[in-house]
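*Asks:* My structure is stored as data-v7.cif, with mmCIF, C-alpha atoms and all ligand atoms.
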```
data_final
loop_
_atom_site.label_atom_id
_atom_site.label_comp_id
_atom_site.auth_asym_id
_atom_site.auth_seq_id
_atom_site.Cartn_x
_atom_site.Cartn_y
_atom_site.Cartn_z
CA MET G 520 78.65 -6.66 0.02
CA ASN G 521 78.92 -4.73 -3.23
CA LEU G 522 75.80 -2.71 -3.71
CA SER G 523 74.32 -0.53 -6.40
CA ARG G 524 73.51 3.11 -5.71
CA PHE G 525 69.94 2.01 -5.07
CA GLY G 526 71.12 -0.71 -2.68
CA LYS G 527 73.40 1.68 -0.81
CA LYS G 528 70.82 4.43 -0.55
CA LEU G 529 68.06 2.23 0.76
CA THR G 530 70.08 0.10 3.15
CA GLY G 531 72.27 2.74 4.80
CA PRO G 532 71.79 4.18 8.29
CA SER G 533 68.78 6.47 8.60
CA GLY G 534 65.82 7.40 10.73
CA VAL G 535 63.20 4.82 9.84
CA PRO G 536 65.45 1.76 10.19
CA MET G 537 66.69 3.16 13.52
CA LEU G 538 63.10 3.57 14.64
CA MET G 539 62.07 0.09 13.56
CA GLU G 540 65.19 -1.42 15.18
CA ASP G 541 64.43 0.40 18.44
CA MET G 542 60.91 -1.03 18.29
CA ALA G 543 62.21 -4.53 17.69
CA SER G 544 64.79 -4.21 20.47
CA ALA G 545 62.21 -2.84 22.89
CA MET G 546 59.81 -5.66 22.07
CA ALA G 547 62.46 -8.40 22.10
CA ASN G 548 61.60 -9.64 25.57
CA GLY G 549 57.98 -8.64 25.49
CA GLY G 550 58.88 -5.00 26.08
CA LYS G 551 59.30 -5.61 29.83
CA ASP G 552 62.38 -3.51 30.52
CA SER G 553 61.77 -0.83 27.88
CA LEU G 554 59.64 2.25 27.56
CA LEU G 555 59.01 2.75 23.87
CA LEU G 556 57.82 6.28 23.22
CA GLY G 557 59.55 6.48 19.87
CA GLY G 558 57.47 4.44 17.48
CA GLY G 559 54.29 5.21 15.60
CA ASN G 560 52.24 2.27 16.75
CA PRO G 561 48.61 3.11 17.38
CA ALA G 562 47.01 2.18 20.70
CA TYR G 563 45.04 -0.95 21.42
CA ILE G 564 41.57 0.58 21.85
CA PRO G 565 39.25 -2.11 23.25
CA ALA G 566 36.06 -0.94 21.48
CA MET G 567 37.85 -0.84 18.12
CA GLN G 568 39.47 -4.20 18.62
CA GLN G 569 36.12 -5.66 19.60
CA ARG G 570 34.51 -4.30 16.42
CA LEU G 571 37.31 -5.66 14.22
CA ARG G 572 37.07 -9.03 15.95
CA GLN G 573 33.35 -9.01 15.17
CA ALA G 574 34.03 -8.21 11.52
CA MET G 575 36.49 -11.11 11.36
CA ALA G 576 33.96 -13.42 13.03
CA HIS G 577 31.42 -12.37 10.40
CA ILE G 578 33.85 -13.29 7.63
CA LEU G 579 34.56 -16.65 9.25
CA ASP G 580 30.85 -17.35 9.66
CA THR G 581 29.91 -16.44 6.09
CA PRO G 582 30.26 -19.44 3.77
CA GLY G 583 33.11 -18.91 1.30
CA ALA G 584 34.11 -15.49 2.63
CA PHE G 585 37.31 -16.59 4.37
CA GLU G 586 38.34 -18.71 1.38
CA LYS G 587 37.79 -15.71 -0.91
CA MET G 588 39.77 -13.44 1.42
CA VAL G 589 42.88 -15.62 1.43
CA GLY G 590 42.54 -17.58 -1.79
CA ASN G 591 42.55 -14.99 -4.60
CA TYR G 592 45.01 -12.43 -5.83
CA PRO G 593 43.23 -9.08 -5.57
CA ALA G 594 43.17 -6.75 -8.59
CA PRO G 595 46.32 -4.57 -8.73
CA GLN G 596 44.09 -1.62 -7.84
CA GLY G 597 42.92 -3.45 -4.69
CA ASP G 598 39.76 -5.19 -3.53
CA VAL G 599 37.01 -4.02 -5.89
CA GLU G 600 34.11 -4.08 -3.41
CA PHE G 601 36.14 -2.05 -0.95
CA LEU G 602 37.00 0.55 -3.61
CA ASP G 603 33.29 0.89 -4.51
CA ALA G 604 32.34 1.25 -0.85
CA LEU G 605 34.97 3.95 -0.31
CA ALA G 606 33.86 5.94 -3.37
CA GLU G 607 30.27 5.80 -2.16
CA LEU G 608 31.25 6.88 1.35
CA PHE G 609 33.19 9.94 0.15
CA ASN G 610 30.47 10.94 -2.30
CA ARG G 611 27.77 10.59 0.34
CA GLU G 612 29.72 12.54 2.96
CA TYR G 613 31.44 15.19 0.85
CA GLY G 614 29.89 15.11 -2.63
CA TRP G 615 33.29 14.65 -4.30
CA GLY G 616 31.76 12.94 -7.32
CA ILE G 617 34.47 10.28 -7.49
CA SER G 618 34.24 6.69 -8.65
CA ALA G 619 36.25 3.60 -7.75
CA LYS G 620 38.57 4.61 -10.61
CA ASN G 621 39.78 7.50 -8.46
CA ILE G 622 40.99 5.15 -5.74
CA THR G 623 43.77 2.64 -5.55
CA LEU G 624 45.03 0.62 -2.60
CA THR G 625 48.65 0.08 -1.62
CA ASN G 626 50.49 -2.08 0.91
CA GLY G 627 50.37 0.66 3.54
CA SER G 628 50.56 4.34 2.70
CA GLN G 629 54.33 4.28 3.29
CA SER G 630 54.80 2.28 0.11
CA ALA G 631 52.46 4.67 -1.70
CA PHE G 632 54.78 7.54 -0.76
CA PHE G 633 57.78 5.63 -2.03
CA ASN G 634 56.08 5.24 -5.39
CA LEU G 635 54.48 8.68 -5.57
CA PHE G 636 57.57 10.63 -4.54
CA ASN G 637 59.72 8.82 -7.09
CA MET G 638 57.07 9.29 -9.76
CA PHE G 639 57.14 13.07 -9.35
CA ALA G 640 60.73 13.74 -8.23
CA GLY G 641 64.11 12.61 -9.55
CA GLU G 642 65.33 12.58 -13.14
CA TYR G 643 62.84 13.55 -15.86
CA PRO G 644 63.13 12.35 -19.46
CA ASP G 645 64.27 15.85 -20.56
CA GLY G 646 67.26 15.59 -18.20
CA SER G 647 65.84 17.96 -15.59
CA HIS G 648 65.83 17.02 -11.91
CA LYS G 649 62.80 17.68 -9.76
CA LYS G 650 62.19 17.60 -6.03
CA ILE G 651 59.40 17.12 -3.54
CA LEU G 652 58.59 20.35 -1.73
CA LEU G 653 57.67 20.11 1.95
CA PRO G 654 56.17 23.51 2.78
CA LEU G 655 56.42 23.05 6.51
CA ALA G 656 59.33 21.23 8.12
CA PRO G 657 59.42 19.33 10.51
CA GLU G 658 57.72 16.61 8.46
CA TYR G 659 57.18 12.87 8.69
CA ILE G 660 60.40 10.88 9.22
CA GLY G 661 59.18 8.22 6.80
CA TYR G 662 59.58 10.57 3.82
CA ALA G 663 63.25 11.26 4.41
CA ASP G 664 64.72 8.11 2.89
CA VAL G 665 62.38 7.18 0.09
CA GLY G 666 64.01 9.23 -2.67
CA LEU G 667 65.98 7.21 -5.18
CA THR G 668 68.12 10.18 -6.14
CA GLU G 669 70.11 12.66 -4.10
CA ASP G 670 68.91 16.17 -3.37
CA PHE G 671 65.35 14.94 -3.33
CA PHE G 672 63.55 17.40 -1.02
CA ILE G 673 63.28 21.09 -0.53
CA SER G 674 61.64 22.20 2.68
CA PHE G 675 60.84 25.41 4.49
CA LYS G 676 61.00 26.52 8.09
CA PRO G 677 57.65 27.42 9.60
CA GLU G 678 56.50 30.58 11.27
CA ILE G 679 56.16 30.13 15.01
CA GLU G 680 53.13 31.36 16.89
CA PHE G 681 53.66 31.41 20.65
CA LEU G 682 50.46 30.57 22.49
CA GLU G 683 50.09 30.04 26.22
CA PRO G 684 53.28 29.77 28.25
CA HIS G 685 55.13 26.65 27.08
CA LEU G 686 52.88 26.15 24.05
CA PHE G 687 53.42 27.07 20.38
CA LYS G 688 52.09 26.31 16.89
CA TYR G 689 53.80 26.20 13.51
CA HIS G 690 52.30 27.86 10.43
CA VAL G 691 53.32 27.69 6.78
CA ASP G 692 55.49 30.71 6.04
CA PHE G 693 53.93 31.74 2.74
CA ASP G 694 56.25 34.75 2.45
CA ALA G 695 59.25 32.44 2.31
CA LEU G 696 57.65 29.69 0.24
CA THR G 697 58.87 29.77 -3.35
CA ILE G 698 57.96 27.18 -5.93
CA THR G 699 60.69 26.95 -8.50
CA ASP G 700 60.74 24.99 -11.77
CA ASP G 701 62.55 22.11 -10.10
CA VAL G 702 59.59 21.23 -7.86
CA GLY G 703 57.71 18.12 -9.01
CA ALA G 704 55.08 17.97 -6.25
CA ILE G 705 54.14 19.45 -2.88
CA CYS G 706 53.46 17.24 0.14
CA VAL G 707 52.10 17.85 3.63
CA SER G 708 50.94 15.55 6.37
CA ARG G 709 47.78 16.73 8.10
CA PRO G 710 47.72 16.17 11.05
CA THR G 711 51.46 16.47 10.88
CA ASN G 712 53.70 13.77 12.19
CA PRO G 713 55.78 14.70 14.30
CA THR G 714 54.18 17.87 15.63
CA GLY G 715 50.45 17.16 15.89
CA ASN G 716 49.88 20.34 13.86
CA VAL G 717 46.71 20.53 11.77
CA LEU G 718 47.13 22.91 8.85
CA THR G 719 44.23 25.34 8.72
CA ALA G 720 41.67 25.18 5.91
CA GLU G 721 43.10 28.46 4.63
CA GLU G 722 46.65 27.10 4.55
CA LEU G 723 45.46 24.04 2.63
CA ALA G 724 43.47 26.13 0.16
CA ARG G 725 46.50 28.35 -0.48
CA LEU G 726 48.76 25.33 -1.02
CA SER G 727 46.19 23.81 -3.35
CA ASP G 728 46.00 27.05 -5.37
CA LEU G 729 49.79 27.28 -5.54
CA ALA G 730 50.08 23.68 -6.72
CA GLN G 731 47.43 24.25 -9.36
CA ALA G 732 49.07 27.45 -10.54
CA HIS G 733 52.38 25.59 -11.00
CA ASN G 734 50.72 22.57 -12.57
CA ILE G 735 52.07 20.17 -9.97
CA PRO G 736 50.10 17.91 -7.61
CA LEU G 737 49.50 18.58 -3.92
CA MET G 738 49.79 15.41 -1.85
CA ILE G 739 47.96 15.43 1.45
CA ASP G 740 48.97 12.69 3.83
CA ASN G 741 45.83 12.03 5.84
CA ALA G 742 47.13 9.01 7.80
CA TYR G 743 45.72 10.44 11.07
CA GLY G 744 43.13 12.68 9.50
CA THR G 745 39.51 13.12 8.78
CA PRO G 746 37.06 11.41 8.33
CA PHE G 747 38.95 8.36 9.53
CA PRO G 748 40.78 7.66 11.83
CA GLN G 749 39.84 11.22 12.88
CA ILE G 750 42.72 11.71 15.29
CA ILE G 751 42.08 15.44 15.06
CA TYR G 752 41.08 17.53 18.05
CA SER G 753 40.20 20.70 16.16
CA ASP G 754 37.52 21.17 13.50
CA ALA G 755 38.82 20.06 10.14
CA GLU G 756 37.28 18.99 6.84
CA PRO G 757 39.02 16.85 4.26
CA ILE G 758 39.66 18.45 0.90
CA TRP G 759 40.04 16.84 -2.48
CA ASN G 760 40.12 17.97 -6.09
CA GLU G 761 41.56 16.55 -9.31
CA ASN G 762 44.94 18.09 -8.51
CA ILE G 763 45.12 16.68 -4.96
CA ILE G 764 46.49 13.25 -4.17
CA LEU G 765 44.89 12.32 -0.88
CA SER G 766 46.55 9.48 0.98
CA MET G 767 44.73 7.60 3.71
CA SER G 768 45.46 4.49 5.72
CA LEU G 769 43.76 1.88 7.87
CA SER G 770 46.80 1.69 10.17
CA LYS G 771 45.88 4.29 12.76
CA LEU G 772 42.37 2.87 13.07
CA GLY G 773 44.18 0.08 14.88
CA MET G 774 45.10 -2.11 11.90
CA PRO G 775 48.76 -1.38 11.11
CA ALA G 776 49.46 -5.07 10.54
CA ALA G 777 46.94 -5.13 7.69
CA ARG G 778 49.19 -2.73 5.67
CA THR G 779 46.42 -0.95 3.81
CA GLY G 780 46.96 2.43 2.20
CA ILE G 781 44.29 4.26 0.19
CA ILE G 782 45.13 6.78 -2.54
CA ILE G 783 42.42 9.09 -3.89
CA ALA G 784 43.47 11.02 -6.96
CA ASN G 785 42.64 11.76 -10.59
CA GLU G 786 42.33 8.66 -12.76
CA GLU G 787 45.68 9.14 -14.47
CA THR G 788 47.45 9.07 -11.11
CA THR G 789 45.54 6.12 -9.66
CA HIS G 790 46.16 4.24 -12.88
CA ALA G 791 49.89 4.88 -12.57
CA ILE G 792 49.93 3.69 -8.94
CA THR G 793 47.97 0.61 -9.93
CA ARG G 794 50.59 -0.23 -12.55
CA LEU G 795 53.34 0.27 -9.98
CA ASN G 796 51.49 -2.06 -7.63
CA ALA G 797 51.41 -4.71 -10.31
CA VAL G 798 55.11 -4.34 -11.11
CA THR G 799 56.41 -4.23 -7.55
CA SER G 800 54.00 -6.56 -5.73
CA LEU G 801 51.42 -7.89 -8.24
CA ALA G 802 48.64 -6.51 -6.04
CA PRO G 803 48.11 -4.89 -2.65
CA GLY G 804 47.00 -7.27 0.10
CA SER G 805 43.26 -7.37 0.66
CA MET G 806 42.95 -8.66 4.24
CA GLY G 807 42.59 -5.12 5.59
CA ALA G 808 40.08 -4.19 2.91
CA ARG G 809 37.94 -7.27 3.58
CA LEU G 810 38.04 -6.66 7.32
CA ALA G 811 37.10 -2.99 7.04
CA LEU G 812 34.53 -3.49 4.26
CA GLU G 813 31.40 -3.65 6.42
CA LEU G 814 32.58 -0.64 8.45
CA VAL G 815 32.92 1.41 5.27
CA GLN G 816 29.65 0.18 3.77
CA SER G 817 27.74 1.05 6.93
CA GLY G 818 29.57 4.33 7.56
CA GLU G 819 30.60 3.05 11.00
CA ILE G 820 34.20 3.76 10.09
CA ILE G 821 33.33 7.44 10.48
CA SER G 822 31.21 7.18 13.64
CA LEU G 823 33.72 4.92 15.39
CA SER G 824 36.54 7.26 14.45
CA HIS G 825 34.65 10.23 15.80
CA ASP G 826 33.13 8.66 18.91
CA VAL G 827 35.80 6.16 19.96
CA ILE G 828 39.19 6.88 18.41
CA ARG G 829 39.28 10.66 18.60
CA PRO G 830 38.27 10.98 22.29
CA TYR G 831 40.66 8.19 23.22
CA TYR G 832 43.68 9.98 21.81
CA HIS G 833 42.52 13.42 22.85
CA ASN G 834 42.33 12.27 26.42
CA LYS G 835 45.81 10.74 26.18
CA ALA G 836 47.15 14.01 24.75
CA LEU G 837 45.72 16.03 27.63
CA GLN G 838 47.11 13.61 30.22
CA ALA G 839 50.58 13.67 28.67
CA MET G 840 50.55 17.47 28.50
CA GLU G 841 49.45 17.78 32.09
CA GLN G 842 52.18 15.44 33.33
CA LEU G 843 54.91 17.16 31.34
CA GLN G 844 53.84 20.63 32.39
CA TYR G 845 53.89 19.50 36.01
CA GLU G 846 57.25 17.73 35.75
CA LEU G 847 59.08 20.32 33.66
CA GLY G 848 57.91 23.27 35.74
CA ASP G 849 59.51 26.50 34.58
CA LEU G 850 62.21 24.94 32.43
CA ASP G 851 62.66 26.74 29.08
CA TYR G 852 60.58 24.35 26.99
CA PHE G 853 57.63 24.53 24.58
CA ILE G 854 55.23 21.87 23.37
CA HIS G 855 53.61 22.13 19.95
CA LYS G 856 49.87 22.47 20.50
CA PRO G 857 48.59 18.92 20.07
CA GLU G 858 45.83 19.26 17.48
CA GLY G 859 45.97 15.71 16.15
CA ALA G 860 48.00 12.53 15.50
CA PHE G 861 49.42 11.08 18.71
CA PHE G 862 52.76 12.74 19.25
CA LEU G 863 54.11 15.53 21.36
CA TRP G 864 56.79 17.62 19.74
CA ILE G 865 58.77 19.17 22.53
CA TRP G 866 61.22 22.00 22.05
CA PHE G 867 63.83 22.33 24.80
CA ARG G 868 65.02 25.84 24.02
CA GLY G 869 68.72 26.33 24.59
CA MET G 870 69.26 22.71 25.66
CA PRO G 871 72.99 22.25 26.37
CA ILE G 872 73.14 18.93 24.45
CA SER G 873 71.72 17.94 21.07
CA SER G 874 68.49 15.98 20.76
CA GLN G 875 70.59 13.06 19.43
CA GLU G 876 72.60 13.05 22.63
CA LEU G 877 69.42 13.21 24.67
CA TYR G 878 68.13 10.22 22.68
CA GLU G 879 71.27 8.28 23.54
CA ARG G 880 71.10 9.14 27.25
CA LEU G 881 67.49 7.99 27.34
CA LYS G 882 68.19 4.86 25.32
CA ALA G 883 70.82 3.89 27.92
CA GLN G 884 67.91 3.86 30.37
CA ARG G 885 65.82 1.82 27.87
CA VAL G 886 63.57 4.82 27.20
CA PHE G 887 63.05 5.37 23.47
CA ILE G 888 62.17 8.68 21.82
CA ILE G 889 62.99 10.16 18.42
CA PRO G 890 65.50 12.98 18.18
CA GLY G 891 64.14 15.87 16.16
CA HIS G 892 66.87 16.20 13.53
CA TYR G 893 65.39 13.34 11.47
CA PHE G 894 62.31 15.37 10.63
CA PHE G 895 63.87 18.05 8.42
CA PRO G 896 64.69 16.50 5.04
CA GLY G 897 65.62 19.15 2.50
CA LEU G 898 66.00 22.01 4.95
CA PRO G 899 69.05 24.05 3.99
CA GLY G 900 71.36 24.95 6.88
CA GLU G 901 71.07 24.44 10.60
CA TRP G 902 68.17 25.59 12.72
CA GLN G 903 67.58 25.62 16.44
CA HIS G 904 64.60 23.28 16.16
CA THR G 905 66.55 20.55 14.37
CA GLN G 906 68.80 20.18 17.43
CA GLU G 907 66.50 21.04 20.33
CA CYS G 908 63.30 19.09 19.66
CA ILE G 909 62.17 15.55 20.30
CA ARG G 910 59.09 13.55 19.37
CA ILE G 911 57.33 11.24 21.77
CA ASN G 912 54.35 8.95 21.19
CA TYR G 913 51.70 9.28 23.90
CA ALA G 914 49.35 6.64 22.45
CA LEU G 915 50.54 3.72 24.48
CA ASP G 916 49.56 2.32 27.83
CA GLU G 917 49.75 4.59 30.85
CA ASN G 918 52.27 2.22 32.43
CA VAL G 919 54.60 3.06 29.52
CA VAL G 920 53.78 6.72 28.89
CA GLN G 921 53.83 7.90 32.51
CA PRO G 922 57.22 6.49 33.57
CA GLY G 923 58.58 7.34 30.11
CA LEU G 924 57.64 11.01 30.45
CA HIS G 925 58.98 11.02 33.98
CA ALA G 926 62.35 9.65 32.79
CA ILE G 927 62.48 12.23 29.99
CA ALA G 928 61.71 15.08 32.38
CA GLU G 929 64.30 13.93 34.94
CA THR G 930 66.98 13.47 32.27
CA VAL G 931 66.31 16.85 30.70
CA LYS G 932 66.32 18.60 34.08
CA ALA G 933 69.69 16.99 34.83
CA VAL G 934 70.96 18.19 31.43
CA TYR G 935 69.95 21.76 32.21
CA GLY G 936 71.65 21.32 35.58
CA GLY G 937 68.44 21.74 37.57
C1 LIG D 1 52.30 10.83 8.55
C2 LIG D 1 52.37 9.40 8.20
N1 LIG D 1 52.18 9.04 6.92
C3 LIG D 1 52.24 7.77 6.52
C4 LIG D 1 52.51 6.75 7.42
C5 LIG D 1 52.60 5.35 6.90
O1 LIG D 1 51.60 4.56 7.46
P1 LIG D 1 51.13 3.17 6.84
O2 LIG D 1 52.19 2.72 5.89
O3 LIG D 1 51.00 2.29 8.03
O4 LIG D 1 49.85 3.44 6.15
C6 LIG D 1 52.72 7.05 8.75
C7 LIG D 1 53.04 5.99 9.74
O5 LIG D 1 53.35 6.19 10.87
C8 LIG D 1 52.65 8.41 9.16
O6 LIG D 1 52.86 8.77 10.43
#
```
Show me this structure written as structure tokens.

*Replies:*
Amino acid sequence: MNLSRFGKKLTGPSGVPMLMEDMASAMANGGKDSLLLGGGNPAYIPAMQQRLRQAMAHILDTPGAFEKMVGNYPAPQGDVEFLDALAELFNREYGWGISAKNITLTNGSQSAFFNLFNMFAGEYPDGSHKKILLPLAPEYIGYADVGLTEDFFISFKPEIEFLEPHLFKYHVDFDALTITDDVGAICVSRPTNPTGNVLTAEELARLSDLAQAHNIPLMIDNAYGTPFPQIIYSDAEPIWNENIILSMSLSKLGMPAARTGIIIANEETTHAITRLNAVTSLAPGSMGARLALELVQSGEIISLSHDVIRPYYHNKALQAMEQLQYELGDLDYFIHKPEGAFFLWIWFRGMPISSQELYERLKAQRVFIIPGHYFFPGLPGEWQHTQECIRINYALDENVVQPGLHAIAETVKAVYGG
């Protein structure tokens, strides 16, 4: 097949397609012979599912509501009632003083990043080429392939703080961070996928100041963050100002199939995203918005996130940590302190094989993880962590996570010759 540059770039081998193919392969026969610890699927949390089922029942029982949900194209900005309810929620909780004009919906936040990154990086009309700066790599695998031009990212290694034995935390290395004229925007995920890191309030404030000083936006990817779905185990407040593009999602609340992303930004930016929505897909789907509407209007989206979702994942994180620490014993490994999201980022220091090879050995046993090298787009040169780290998802059922972690530990111990 003869393809354009665009076609070649977006259809070639890369991390996200590999991940989605692993998921499909693992699920092909109902997932029976596979242990899928690679993907980013959220857990089935019974209390959340029950509440969403109730919301759907309410729609079905309300005359005309179902017909309205499926029968109309939404506005290109997204479902208007939902946008109003979100603006009210954020103003009530945080006094941001925003209106529905500061919000636009997208078909999942992934597609928002595709649009946003290509809006701020790539070729500019004056012939200059700008990049997206990732101040702390490793960063979300889903960013790596969305750039329509080459040389799309610039990223920086973190500082490493060693905590208890076998535990560490990354920090932004502000001494190394330089923002040159070819940076079009800064982006961080908080909590960070893949590490579970939660940038401190001070780190965020410094990044926000730097972005403002260079007249470029700071994008904060809040897919796991506060106030919903609140998969954060430390204290953290959301931040927003006219120079911040805050991205949120309904996926990790337990609704990834609804494909609902939420962008909160200044009006010029939301207007641009709305136009992109119209051009690329006429409008974002509104099933997710309609389903979540009463949760946002009542504020339950925040209480459920805090009281149901957060403890669920926190408990899973502690269990996974405990099992790994027991199984790995005194091997030379470190786990990034799990502060949020639902991944463990494990660094096998001095591992005799690469993380890619470890991935392949595990895949041969039908155990799926993600090798760490996919999470460093834009990092110049090699670094120990690109080759020695893996990401695992601990959100799933215990009958997947437990044997999966066991298989990983046994395989790694064999690799080290223990
Ligand atoms: C950090 C991060 N950002 C964005 C997304 C995209 O999520 P969605 O498109 O489901 O909103 C994901 C999905 O896993 C993610 O982990």

*Asks:* Need to verify the contact set: G:Leu608, 9 Å, only C-alpha atoms, exclusion of same-chain residues closer than 5 positions in sequence. Can you return it as a list in words?

*Replies:*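 Residues meeting the cut-off are Asp603, Tyr613, Val815, Gln816, Ser817 and Gly818 of chain G.
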
*Asks:* Residues up to 6 Å from ligand LIG 1 (chain D), counting all atoms listed in the file: could you list those as a list in words?

*Replies:*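 These are the residues that qualify: Gly559, Gly627, Ser628, Gln629, Tyr659, Ser708, Asn712, Asp740, Ala742, Ser768, Ser770, Pro775, Arg778 and Gly780 of chain G.
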
*Asks:* For the residues in the current selection, export C-alpha atoms as a short mmCIF file (atom, residue, chain, number, x, y, z; two decimals), in the frame of the given file.

*Replies:*
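Contents of out12.cif, freshly written:
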```cif
data_model
loop_
_atom_site.label_atom_id
_atom_site.label_comp_id
_atom_site.auth_asym_id
_atom_site.auth_seq_id
_atom_site.Cartn_x
_atom_site.Cartn_y
_atom_site.Cartn_z
CA GLY G 559 54.29 5.21 15.60
CA GLY G 627 50.37 0.66 3.54
CA SER G 628 50.56 4.34 2.70
CA GLN G 629 54.33 4.28 3.29
CA TYR G 659 57.18 12.87 8.69
CA SER G 708 50.94 15.55 6.37
CA ASN G 712 53.70 13.77 12.19
CA ASP G 740 48.97 12.69 3.83
CA ALA G 742 47.13 9.01 7.80
CA SER G 768 45.46 4.49 5.72
CA SER G 770 46.80 1.69 10.17
CA PRO G 775 48.76 -1.38 11.11
CA ARG G 778 49.19 -2.73 5.67
CA GLY G 780 46.96 2.43 2.20
#
```

*Asks:* Using all atoms listed in the file, list the residues that have an atom at most 12 Å from (71.2, 14.7, 24.7), coordinates as in the file, as a ChimeraX atom specification.

*Replies:* /G:867,869-883,888-891,906-909,927,930-935

*Asks:* Nearest to G:Gly646: which of G:Asp701, G:Ile821, G:Gln731, G:Pro922 is it, counting all atoms listed in the file?

*Replies:*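 Smallest separation from G:Gly646 among the options: G:Asp701.
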
*Asks:* For G:Gly614, which of G:Ile758, G:Ala777, G:Ala914, G:Ile660 is the closest residue, counting all atoms listed in the file?

*Replies:*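 Using all atoms listed in the file, the shortest distance to G:Gly614 belongs to G:Ile758.
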
*Asks:* Could you jot down the atom CA of G:Arg611 to atom CA of G:Pro595 separation for me, Å, one decimal place?

*Replies:* 25.6 Å

*Asks:* Tell me, in Å to one decimal, how far atom CA of G:Gly715 is from atom CA of G:Glu858.

*Replies:* 5.3 Å

*Asks:* Let me make sure I understand: among G:Leu686, G:Met738, G:Leu696, G:Val707, which one has the smallest atom-to-atom distance to G:Gln844 if we use all atoms listed in the file?

*Replies:*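 Smallest separation from G:Gln844 among the options: G:Leu686.
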
*Asks:* Just want the 9 Å neighbourhood of G:Ala730, counted on only C-alpha atoms, with same-chain residues fewer than 4 positions away dropped. Output as a PyMOL selection string.

*Replies:* chain G and resi 698+704-705+725-726+734-737+762-763

*Asks:* Using atom CA of G:Phe895 and atom CA of G:Val919 as the two end points, give the distance in Å to one decimal.

*Replies:*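 Atom-to-atom, atom CA of G:Phe895 and atom CA of G:Val919 are spaced 27.5 Å apart.
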
*Asks:* Using only C-alpha atoms, which residues sit within 9 Å of stretch 576-589 of chain G once same-chain residues fewer than 4 positions away are excluded, as number ranges by chain?

*Replies:* G: 571-572, 593, 805-806, 809-810

*Asks:* Convert the current residue selection to file output with C-alpha atoms, as a compact mmCIF listing (two decimals), in the frame of the given file.

*Replies:*
```
# COMPACT_ATOMS: atom_id res chain seq x y z
CA LEU G 571 37.31 -5.66 14.22
CA ARG G 572 37.07 -9.03 15.95
CA PRO G 593 43.23 -9.08 -5.57
CA SER G 805 43.26 -7.37 0.66
CA MET G 806 42.95 -8.66 4.24
CA ARG G 809 37.94 -7.27 3.58
CA LEU G 810 38.04 -6.66 7.32
```

*Asks:* Please check which residues have atoms at most 9 Å from (53.9, 31.6, 3.2) in the file's coordinates, counting only C-alpha atoms, and write them as an mmCIF file with C-alpha atoms, in the coordinates of the input.

*Replies:*
```cif
data_model
loop_
_atom_site.group_PDB
_atom_site.id
_atom_site.type_symbol
_atom_site.label_atom_id
_atom_site.label_comp_id
_atom_site.auth_asym_id
_atom_site.auth_seq_id
_atom_site.Cartn_x
_atom_site.Cartn_y
_atom_site.Cartn_z
ATOM 1 C CA PRO G 654 56.170 23.510 2.780
ATOM 2 C CA PRO G 677 57.650 27.420 9.600
ATOM 3 C CA GLU G 678 56.500 30.580 11.270
ATOM 4 C CA HIS G 690 52.300 27.860 10.430
ATOM 5 C CA VAL G 691 53.320 27.690 6.780
ATOM 6 C CA ASP G 692 55.490 30.710 6.040
ATOM 7 C CA PHE G 693 53.930 31.740 2.740
ATOM 8 C CA ASP G 694 56.250 34.750 2.450
ATOM 9 C CA ALA G 695 59.250 32.440 2.310
ATOM 10 C CA LEU G 696 57.650 29.690 0.240
ATOM 11 C CA THR G 697 58.870 29.770 -3.350
ATOM 12 C CA GLU G 722 46.650 27.100 4.550
ATOM 13 C CA ARG G 725 46.500 28.350 -0.480
#
```

*Asks:* For G:Gly666, which of G:Met539, G:Leu635, G:Ala604, G:Met520 is the closest residue, counting all atoms listed in the file?

*Replies:*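 When distances to G:Gly666 are compared using all atoms listed in the file, the smallest one comes from G:Leu635.
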
*Asks:* Between G:Ala574, G:Ala543, G:Met638, G:Leu555, which is the closest to G:Arg794 once you count all atoms listed in the file?

*Replies:*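 Counting all atoms listed in the file, the residue closest to G:Arg794 is G:Met638.
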
*Asks:* Between G:Thr668, G:Asn834, G:Thr623, G:Thr788, which is the closest to G:Leu602 once you count all atoms listed in the file?

*Replies:*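 Smallest distance to G:Leu602 is found for G:Thr623.
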
*Asks:* Box in all listed atoms of stretch 638-654 of chain G, axis-aligned, with 3 Å more on each side; write out centre and edge lengths in Å to one decimal as AutoDock Vina command-line options.

*Replies:*
```
--center_x 61.7 --center_y 16.4 --center_z -8.9 --size_x 17.1 --size_y 20.2 --size_z 29.3
```
